[in-house]
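Report on the following structure.
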Amino acid sequence: MPPRKRRRQCQKAQLLFHQQPLEGPKPHYESHQQPITHTVQVPSKPIDQSTITSWVLPQFDTAAESRFPTHRKHHRDQARHPTRRSTCKFPRLTFESPESSSSETLLLSNREQLQNSEKDAPRRPLVPLFSPQSCGELSVHVPQSLPHVFMPPDIQTPGSSVREDPISPDQKENSLPSCILGPRTPRTPEPGPVLVKDTPEEKYGIKVTWRRRRHLFAYLKERGKLDKSQFLVKT
Amino acid sequence: MPLLTQYNEDEYEQYCLVASLDNVRNLSTVLKAIHFKEHATCFATKNGIKVTVENAKCVQANAFIQADVFQEFIIQEESVTFRINLTILLDCLSIFGSSPTPGTLTALRMCYQGYGHPLMLFLEEGGVVTVCKITTQEPEDTLDFDFCSTNVMNKIILQSEGLREAFSELDMTGDVLQITVSPDKPYFRLSTFGNAGNSHLDYPKDSDLVEAFHCNKTQINRYKLSLLKPSTKALALSCKVSIRTDNRGFLSLQYMIRNEDGQICFVEYYCCPDEEVPES
């Protein structure tokens with residue numbers, strides 16, 4: 001068997017290289033050998049007082065390091081913290097109790113009607129107020145209209161109005177004057193910022209579906225096609 | 001520590017050195033950083049305790065444990081000096097276990113009565129007290145490196161992580177580490193010459209890892225890697241390192257180590273350079 005293997009190896013063709021070896025001087029690795037060296041040695045000395053009392057001379061700013069015992073990142077966070085506070089542009093929020101806020105509302109409303117000062121603008125109550133200018137007749141009798149406008153029974157009667165028909169002629173007599181609820185109200189909301197219009201009293205308890213379709217609502221109701229249970233909100 | 005509470009003032013007076021630690025690891029960790037020889041010399045002064053280890057008249061390592069690190073540090077004399085087996089000392093300090101258990105600390109009280117007396121260690125963990133007495137020896141002569149700040153030619157302060165990466169990436173199969181410091185490029189270069197070839201690692205002086213770079217003159221020195229390898233223990237524990245070379249080429253590596261309580265200790269290595277032997 002071995003002789004046969006040898007014959008086969010001899011019969012193989014020689015390998016052909018695509019590229020010939022680069023010609024040039026061969027590197028002499030011996031030239032890169034490091035020179036012979038020896039380590040310097042220091043002498044010994046007896047232990048004296050200077051050796052005993054010698055202490056480390058820190059090369060670092062240990063005072064700064066001691067302030068921030070944790071990682072460097074913490075140092076950066078601490079350094080940035082005051083900057084964030086100084087750049088805050090929004091004023092601090094102040095929260096008040098419901099009683100004080102309600103009393104301030106009344107006071108502010110009085111001030112606005114009497115003085116109409118701009119200094120109190122930031123403290124204006126965010127509630128819709130009835131403009132005295134919109135009601136020419138009531139502007140003369142301002143002191144008298146206040147209790148009438150803020151009558152508790154009228155404000156706290158949505159339950160009773162739900163049970164009864166809010167559009168009946170009898171209810172109109174007890175409701176607020178029409179001039180106050182008239183079309184002129186939304187035209188001149190000068191006293192304060194009116195964000196959301198108040199819901200008319202006659203619409204109390206009526207489903208939103210029929211509030212939005214008042215003509216259809218009136219037509220069907222006039223012809224007796226709507227029952228109370230159909231358009232009133234159940235309480 | 002029930003045994004320690006029984007001590008009174010008279011017993012305190014018999015000891016010239018008393019040092020207490022709530023966490024023994026604050027001491028053992030620093031001592032491990034210089035544990036490349038079996039014996040060490042301890043110097044105690046009002047500043048704290050300095051532990052010195054030397055090798056082959058070429059390397060000296062000093063660990064400085066400041067008095068503030070100890071909860072109690074009382075020294076009755078101006079200085080106290082003794083030589084001790086560092087291996088045994090470290091074994092005693094970790095007698096309750098080397099792996100720290102969360103929430104468990106080993107308290108230490110170290111007492112030394114004076115010349116010829118043993119170093120006594122009172123260790124307490126979980127109510128169990130262990131008393132160790134380690135024989136002390138006569139201190140021997142110390143190496144005089146005479147490394148003076150006034151002779152320092154180059155000084156670089158690095159973040160330790162930068163140097164740790166260098167030691168892990170450089171080819172350490174060679175004999176020497178060449179340190180090149182220059183006011184111009186490459187500024188700070190570490191080079192090794194191994195079997196596979198030469199390796200170079202350059203640090204630009206404006207790198208984030210470089211905190212300080214002071215160099216007035218180009219200096220190239222070589223140091224035996226076998227002498228520098230033990231310093232990697234301190235490097236692993238440290239957060240910053242100061243690299244200084246003096247006019248003779250002597251190298252000083254000062255490591256800033258922060259213990260578990262956030263206190264700072266220092267470990268300093270001095271190493272002699274290699275010099276070429278003139279051909280005869």
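Labeling convention for the structure tokens: chains A, B, ... as they appear, residues from 1 per chain, ligands from 1 in order of appearance.
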For Leu209 in chain B, please output as a list in words all residues within 6 Å (counting only C-alpha atoms; exclusion window: fewer than 2 positions along the same chain).
Leu158, Gln159 and Ser207 of chain B
Expected file: the selected residues, N, CA and C atoms, as a PDB file, in the first residue's frame:
```
ATOM      1  N   LEU B 158      -4.632  60.517  35.096  1.00  0.00           N
ATOM      2  CA  LEU B 158      -5.561  59.801  34.232  1.00  0.00           C
ATOM      3  C   LEU B 158      -6.725  59.241  35.031  1.00  0.00           C
ATOM      4  N   GLN B 159      -7.837  59.068  34.332  1.00  0.00           N
ATOM      5  CA  GLN B 159      -8.891  58.238  34.885  1.00  0.00           C
ATOM      6  C   GLN B 159      -8.394  56.795  34.862  1.00  0.00           C
ATOM      7  N   SER B 207      -7.673  64.314  25.796  1.00  0.00           N
ATOM      8  CA  SER B 207      -8.646  63.240  25.952  1.00  0.00           C
ATOM      9  C   SER B 207      -9.446  63.426  27.236  1.00  0.00           C
TER      10      SER B 207
END
```
Can you tell me which residues surround range 94-98 of chain B at a distance of at most 9 Å, considering only C-alpha atoms, apart from same-chain residues fewer than 6 positions away, and format the answer as a PyMOL selection string?
chain B and resi 24-25+28+106+123-125+130
Residues of chain B within 6 Å of chain A, counting only C-alpha atoms, what are they? List them as a PDB file with all heavy atoms, in the first residue's frame.
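Below you can see out_6.pdb, which holds the result:
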```pdb
ATOM      1  N   PHE B  43       4.118  51.622  59.620  1.00  0.00           N
ATOM      2  CA  PHE B  43       4.488  52.848  60.315  1.00  0.00           C
ATOM      3  C   PHE B  43       3.193  53.531  60.749  1.00  0.00           C
ATOM      4  O   PHE B  43       2.365  53.870  59.909  1.00  0.00           O
ATOM      5  CB  PHE B  43       5.275  53.796  59.403  1.00  0.00           C
ATOM      6  CG  PHE B  43       6.480  53.179  58.764  1.00  0.00           C
ATOM      7  CD1 PHE B  43       6.381  52.555  57.525  1.00  0.00           C
ATOM      8  CD2 PHE B  43       7.717  53.215  59.385  1.00  0.00           C
ATOM      9  CE1 PHE B  43       7.485  51.988  56.928  1.00  0.00           C
ATOM     10  CE2 PHE B  43       8.831  52.653  58.792  1.00  0.00           C
ATOM     11  CZ  PHE B  43       8.718  52.032  57.553  1.00  0.00           C
ATOM     12  N   LYS B  57      14.878  45.541  45.431  1.00  0.00           N
ATOM     13  CA  LYS B  57      15.529  46.853  45.408  1.00  0.00           C
ATOM     14  C   LYS B  57      15.142  47.682  44.198  1.00  0.00           C
ATOM     15  O   LYS B  57      15.877  48.595  43.800  1.00  0.00           O
ATOM     16  CB  LYS B  57      17.051  46.706  45.452  1.00  0.00           C
ATOM     17  CG  LYS B  57      17.574  46.154  46.759  1.00  0.00           C
ATOM     18  CD  LYS B  57      19.072  46.293  46.862  1.00  0.00           C
ATOM     19  CE  LYS B  57      19.559  45.868  48.238  1.00  0.00           C
ATOM     20  NZ  LYS B  57      21.016  46.055  48.396  1.00  0.00           N
ATOM     21  N   CYS B  58      13.997  47.361  43.604  1.00  0.00           N
ATOM     22  CA  CYS B  58      13.547  48.091  42.414  1.00  0.00           C
ATOM     23  C   CYS B  58      12.138  48.633  42.554  1.00  0.00           C
ATOM     24  O   CYS B  58      11.752  49.518  41.790  1.00  0.00           O
ATOM     25  CB  CYS B  58      13.590  47.192  41.182  1.00  0.00           C
ATOM     26  SG  CYS B  58      15.164  46.468  40.864  1.00  0.00           S
ATOM     27  N   ASP B 141      15.882  47.606  56.975  1.00  0.00           N
ATOM     28  CA  ASP B 141      16.171  48.835  56.231  1.00  0.00           C
ATOM     29  C   ASP B 141      15.158  48.986  55.098  1.00  0.00           C
ATOM     30  O   ASP B 141      14.608  48.011  54.587  1.00  0.00           O
ATOM     31  CB  ASP B 141      17.588  48.793  55.658  1.00  0.00           C
ATOM     32  CG  ASP B 141      18.638  48.841  56.754  1.00  0.00           C
ATOM     33  OD1 ASP B 141      18.257  49.145  57.906  1.00  0.00           O
ATOM     34  OD2 ASP B 141      19.816  48.566  56.464  1.00  0.00           O
ATOM     35  N   THR B 142      14.969  50.219  54.704  1.00  0.00           N
ATOM     36  CA  THR B 142      14.021  50.503  53.641  1.00  0.00           C
ATOM     37  C   THR B 142      14.747  51.072  52.431  1.00  0.00           C
ATOM     38  O   THR B 142      15.849  51.619  52.554  1.00  0.00           O
ATOM     39  CB  THR B 142      12.954  51.500  54.126  1.00  0.00           C
ATOM     40  OG1 THR B 142      12.012  51.718  53.075  1.00  0.00           O
ATOM     41  CG2 THR B 142      13.569  52.829  54.497  1.00  0.00           C
ATOM     42  N   LEU B 143      14.125  50.936  51.261  1.00  0.00           N
ATOM     43  CA  LEU B 143      14.740  51.428  50.033  1.00  0.00           C
ATOM     44  C   LEU B 143      14.637  52.947  49.962  1.00  0.00           C
ATOM     45  O   LEU B 143      13.597  53.520  50.288  1.00  0.00           O
ATOM     46  CB  LEU B 143      14.071  50.808  48.803  1.00  0.00           C
ATOM     47  CG  LEU B 143      14.180  49.288  48.677  1.00  0.00           C
ATOM     48  CD1 LEU B 143      13.450  48.804  47.432  1.00  0.00           C
ATOM     49  CD2 LEU B 143      15.638  48.859  48.633  1.00  0.00           C
ATOM     50  N   ASP B 144      15.714  53.536  49.519  1.00  0.00           N
ATOM     51  CA  ASP B 144      15.767  54.998  49.438  1.00  0.00           C
ATOM     52  C   ASP B 144      15.575  55.416  47.983  1.00  0.00           C
ATOM     53  O   ASP B 144      16.544  55.557  47.232  1.00  0.00           O
ATOM     54  CB  ASP B 144      17.100  55.506  49.985  1.00  0.00           C
ATOM     55  CG  ASP B 144      17.151  57.025  50.022  1.00  0.00           C
ATOM     56  OD1 ASP B 144      16.076  57.649  49.867  1.00  0.00           O
ATOM     57  OD2 ASP B 144      18.244  57.581  50.191  1.00  0.00           O
ATOM     58  N   GLY B 262     -16.886  55.747  51.038  1.00  0.00           N
ATOM     59  CA  GLY B 262     -16.630  56.978  50.308  1.00  0.00           C
ATOM     60  C   GLY B 262     -15.387  57.719  50.742  1.00  0.00           C
ATOM     61  O   GLY B 262     -15.109  58.802  50.234  1.00  0.00           O
ATOM     62  N   CYS B 272      11.929  51.499  39.501  1.00  0.00           N
ATOM     63  CA  CYS B 272      13.184  51.921  38.863  1.00  0.00           C
ATOM     64  C   CYS B 272      13.136  51.630  37.377  1.00  0.00           C
ATOM     65  O   CYS B 272      12.540  50.637  36.952  1.00  0.00           O
ATOM     66  CB  CYS B 272      14.376  51.189  39.472  1.00  0.00           C
ATOM     67  SG  CYS B 272      14.626  51.540  41.189  1.00  0.00           S
ATOM     68  N   PRO B 273      13.787  52.473  36.581  1.00  0.00           N
ATOM     69  CA  PRO B 273      13.801  52.226  35.135  1.00  0.00           C
ATOM     70  C   PRO B 273      14.866  51.218  34.744  1.00  0.00           C
ATOM     71  O   PRO B 273      15.757  50.891  35.530  1.00  0.00           O
ATOM     72  CB  PRO B 273      14.105  53.610  34.565  1.00  0.00           C
ATOM     73  CG  PRO B 273      14.970  54.240  35.606  1.00  0.00           C
ATOM     74  CD  PRO B 273      14.469  53.722  36.938  1.00  0.00           C
ATOM     75  N   ASP B 274      14.756  50.740  33.526  1.00  0.00           N
ATOM     76  CA  ASP B 274      15.802  49.915  32.933  1.00  0.00           C
ATOM     77  C   ASP B 274      16.785  50.824  32.225  1.00  0.00           C
ATOM     78  O   ASP B 274      16.397  51.813  31.601  1.00  0.00           O
ATOM     79  CB  ASP B 274      15.201  48.927  31.919  1.00  0.00           C
ATOM     80  CG  ASP B 274      14.824  47.616  32.562  1.00  0.00           C
ATOM     81  OD1 ASP B 274      14.810  47.560  33.807  1.00  0.00           O
ATOM     82  OD2 ASP B 274      14.537  46.669  31.825  1.00  0.00           O
ATOM     83  N   GLU B 275      18.035  50.453  32.317  1.00  0.00           N
ATOM     84  CA  GLU B 275      19.034  51.208  31.574  1.00  0.00           C
ATOM     85  C   GLU B 275      19.859  50.236  30.740  1.00  0.00           C
ATOM     86  O   GLU B 275      20.071  49.085  31.129  1.00  0.00           O
ATOM     87  CB  GLU B 275      19.926  52.013  32.514  1.00  0.00           C
ATOM     88  CG  GLU B 275      20.705  51.185  33.508  1.00  0.00           C
ATOM     89  CD  GLU B 275      21.545  52.040  34.429  1.00  0.00           C
ATOM     90  OE1 GLU B 275      21.386  53.275  34.397  1.00  0.00           O
ATOM     91  OE2 GLU B 275      22.351  51.469  35.170  1.00  0.00           O
ATOM     92  N   GLU B 276      20.310  50.720  29.585  1.00  0.00           N
ATOM     93  CA  GLU B 276      21.042  49.851  28.672  1.00  0.00           C
ATOM     94  C   GLU B 276      22.417  49.535  29.240  1.00  0.00           C
ATOM     95  O   GLU B 276      23.088  50.402  29.813  1.00  0.00           O
ATOM     96  CB  GLU B 276      21.178  50.509  27.305  1.00  0.00           C
ATOM     97  CG  GLU B 276      19.853  50.664  26.593  1.00  0.00           C
ATOM     98  CD  GLU B 276      20.036  51.202  25.185  1.00  0.00           C
ATOM     99  OE1 GLU B 276      21.203  51.275  24.748  1.00  0.00           O
ATOM    100  OE2 GLU B 276      19.038  51.540  24.542  1.00  0.00           O
ATOM    101  N   VAL B 277      22.810  48.302  29.018  1.00  0.00           N
ATOM    102  CA  VAL B 277      24.138  47.870  29.437  1.00  0.00           C
ATOM    103  C   VAL B 277      25.106  48.190  28.310  1.00  0.00           C
ATOM    104  O   VAL B 277      24.907  47.733  27.175  1.00  0.00           O
ATOM    105  CB  VAL B 277      24.154  46.372  29.762  1.00  0.00           C
ATOM    106  CG1 VAL B 277      25.562  45.939  30.128  1.00  0.00           C
ATOM    107  CG2 VAL B 277      23.177  46.078  30.875  1.00  0.00           C
TER     108      VAL B 277
END
```
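Take CA of Val18 in chain B and CA of Met256 in chain B: the distance between them is 25.3 Å.
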Would you pick out the contacts of Lys32 in chain B at 10 Å or less, using only C-alpha atoms, so that residues sharing its chain but fewer than 5 positions from it are not included, and give the list as a ChimeraX atom specification?
/B:27,63,86-87,90,233-234
Could you pull out the residues in range 217-275 of chain B that DSSP calls strand (DSSP E) from the backbone, as JSON, numbers by chain?
{"B": [219, 220, 221, 222, 223, 224, 238, 239, 240, 241, 242, 243, 244, 245, 246, 251, 252, 253, 254, 255, 256, 257, 258, 264, 265, 266, 267, 268, 269, 270, 271, 274, 275]}
Next, the residues of the selection above should be written as an mmCIF file, in the first residue's frame with N, CA and C atoms.
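Produced file part_4.cif, reproduced below:
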```
data_model
loop_
_atom_site.group_PDB
_atom_site.id
_atom_site.type_symbol
_atom_site.label_atom_id
_atom_site.label_comp_id
_atom_site.auth_asym_id
_atom_site.auth_seq_id
_atom_site.Cartn_x
_atom_site.Cartn_y
_atom_site.Cartn_z
ATOM 1 N N GLN B 219 10.607 62.563 27.390
ATOM 2 C CA GLN B 219 11.281 61.581 28.225
ATOM 3 C C GLN B 219 10.785 60.195 27.838
ATOM 4 N N ILE B 220 11.722 59.285 27.610
ATOM 5 C CA ILE B 220 11.384 57.906 27.254
ATOM 6 C C ILE B 220 12.090 56.989 28.242
ATOM 7 N N ASN B 221 11.311 56.192 28.951
ATOM 8 C CA ASN B 221 11.867 55.273 29.935
ATOM 9 C C ASN B 221 11.217 53.910 29.787
ATOM 10 N N ARG B 222 11.968 52.902 30.194
ATOM 11 C CA ARG B 222 11.464 51.534 30.154
ATOM 12 C C ARG B 222 11.485 50.945 31.549
ATOM 13 N N TYR B 223 10.446 50.149 31.824
ATOM 14 C CA TYR B 223 10.319 49.533 33.139
ATOM 15 C C TYR B 223 9.961 48.068 32.959
ATOM 16 N N LYS B 224 10.487 47.252 33.829
ATOM 17 C CA LYS B 224 10.193 45.833 33.761
ATOM 18 C C LYS B 224 8.706 45.599 34.025
ATOM 19 N N SER B 238 -8.726 51.615 42.030
ATOM 20 C CA SER B 238 -8.644 53.067 42.061
ATOM 21 C C SER B 238 -9.600 53.705 41.072
ATOM 22 N N CYS B 239 -9.802 54.997 41.265
ATOM 23 C CA CYS B 239 -10.599 55.771 40.329
ATOM 24 C C CYS B 239 -9.735 56.742 39.525
ATOM 25 N N LYS B 240 -8.607 57.145 40.099
ATOM 26 C CA LYS B 240 -7.687 58.034 39.386
ATOM 27 C C LYS B 240 -6.266 57.582 39.650
ATOM 28 N N VAL B 241 -5.380 57.927 38.735
ATOM 29 C CA VAL B 241 -3.974 57.567 38.884
ATOM 30 C C VAL B 241 -3.124 58.734 38.415
ATOM 31 N N SER B 242 -2.068 58.997 39.190
ATOM 32 C CA SER B 242 -1.109 60.031 38.827
ATOM 33 C C SER B 242 0.183 59.353 38.419
ATOM 34 N N ILE B 243 0.667 59.681 37.230
ATOM 35 C CA ILE B 243 1.887 59.082 36.698
ATOM 36 C C ILE B 243 2.949 60.172 36.645
ATOM 37 N N ARG B 244 4.037 59.963 37.378
ATOM 38 C CA ARG B 244 5.110 60.961 37.420
ATOM 39 C C ARG B 244 6.443 60.285 37.168
ATOM 40 N N THR B 245 7.321 60.998 36.505
ATOM 41 C CA THR B 245 8.691 60.538 36.313
ATOM 42 C C THR B 245 9.631 61.677 36.678
ATOM 43 N N ASP B 246 10.720 61.313 37.347
ATOM 44 C CA ASP B 246 11.667 62.345 37.737
ATOM 45 C C ASP B 246 12.833 62.386 36.755
ATOM 46 N N LEU B 251 9.845 56.069 38.241
ATOM 47 C CA LEU B 251 8.409 56.168 38.006
ATOM 48 C C LEU B 251 7.665 56.148 39.335
ATOM 49 N N SER B 252 6.697 57.045 39.455
ATOM 50 C CA SER B 252 5.806 57.061 40.615
ATOM 51 C C SER B 252 4.374 56.942 40.124
ATOM 52 N N LEU B 253 3.672 55.929 40.621
ATOM 53 C CA LEU B 253 2.259 55.742 40.315
ATOM 54 C C LEU B 253 1.483 55.931 41.614
ATOM 55 N N GLN B 254 0.693 56.974 41.657
ATOM 56 C CA GLN B 254 -0.121 57.230 42.841
ATOM 57 C C GLN B 254 -1.586 56.971 42.503
ATOM 58 N N TYR B 255 -2.187 56.052 43.243
ATOM 59 C CA TYR B 255 -3.571 55.657 43.001
ATOM 60 C C TYR B 255 -4.473 56.240 44.086
ATOM 61 N N MET B 256 -5.584 56.807 43.657
ATOM 62 C CA MET B 256 -6.598 57.288 44.596
ATOM 63 C C MET B 256 -7.704 56.238 44.668
ATOM 64 N N ILE B 257 -7.877 55.679 45.854
ATOM 65 C CA ILE B 257 -8.832 54.595 46.053
ATOM 66 C C ILE B 257 -9.921 55.074 47.000
ATOM 67 N N ARG B 258 -11.145 54.836 46.612
ATOM 68 C CA ARG B 258 -12.287 55.208 47.443
ATOM 69 C C ARG B 258 -12.880 53.938 48.042
ATOM 70 N N ILE B 264 -11.278 58.354 51.122
ATOM 71 C CA ILE B 264 -10.195 58.254 50.145
ATOM 72 C C ILE B 264 -8.938 57.729 50.813
ATOM 73 N N CYS B 265 -8.332 56.749 50.185
ATOM 74 C CA CYS B 265 -7.015 56.242 50.573
ATOM 75 C C CYS B 265 -6.096 56.333 49.364
ATOM 76 N N PHE B 266 -4.807 56.234 49.641
ATOM 77 C CA PHE B 266 -3.836 56.339 48.555
ATOM 78 C C PHE B 266 -2.893 55.156 48.590
ATOM 79 N N VAL B 267 -2.533 54.701 47.402
ATOM 80 C CA VAL B 267 -1.501 53.683 47.232
ATOM 81 C C VAL B 267 -0.479 54.251 46.260
ATOM 82 N N GLU B 268 0.780 54.135 46.632
ATOM 83 C CA GLU B 268 1.835 54.723 45.815
ATOM 84 C C GLU B 268 2.849 53.643 45.448
ATOM 85 N N TYR B 269 3.215 53.604 44.188
ATOM 86 C CA TYR B 269 4.212 52.670 43.679
ATOM 87 C C TYR B 269 5.405 53.450 43.150
ATOM 88 N N TYR B 270 6.590 53.021 43.549
ATOM 89 C CA TYR B 270 7.816 53.555 42.968
ATOM 90 C C TYR B 270 8.519 52.426 42.218
ATOM 91 N N CYS B 271 8.997 52.744 41.019
ATOM 92 C CA CYS B 271 9.643 51.718 40.202
ATOM 93 C C CYS B 271 10.883 52.298 39.535
ATOM 94 N N ASP B 274 14.756 50.740 33.526
ATOM 95 C CA ASP B 274 15.802 49.915 32.933
ATOM 96 C C ASP B 274 16.785 50.824 32.225
ATOM 97 N N GLU B 275 18.035 50.453 32.317
ATOM 98 C CA GLU B 275 19.034 51.208 31.574
ATOM 99 C C GLU B 275 19.859 50.236 30.740
#
```
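Proximity to Cys148 in chain B was assessed for B:Phe167, B:Phe193, B:Tyr15, B:Phe250 counting only C-alpha atoms; the smallest distance is recorded for B:Phe250.
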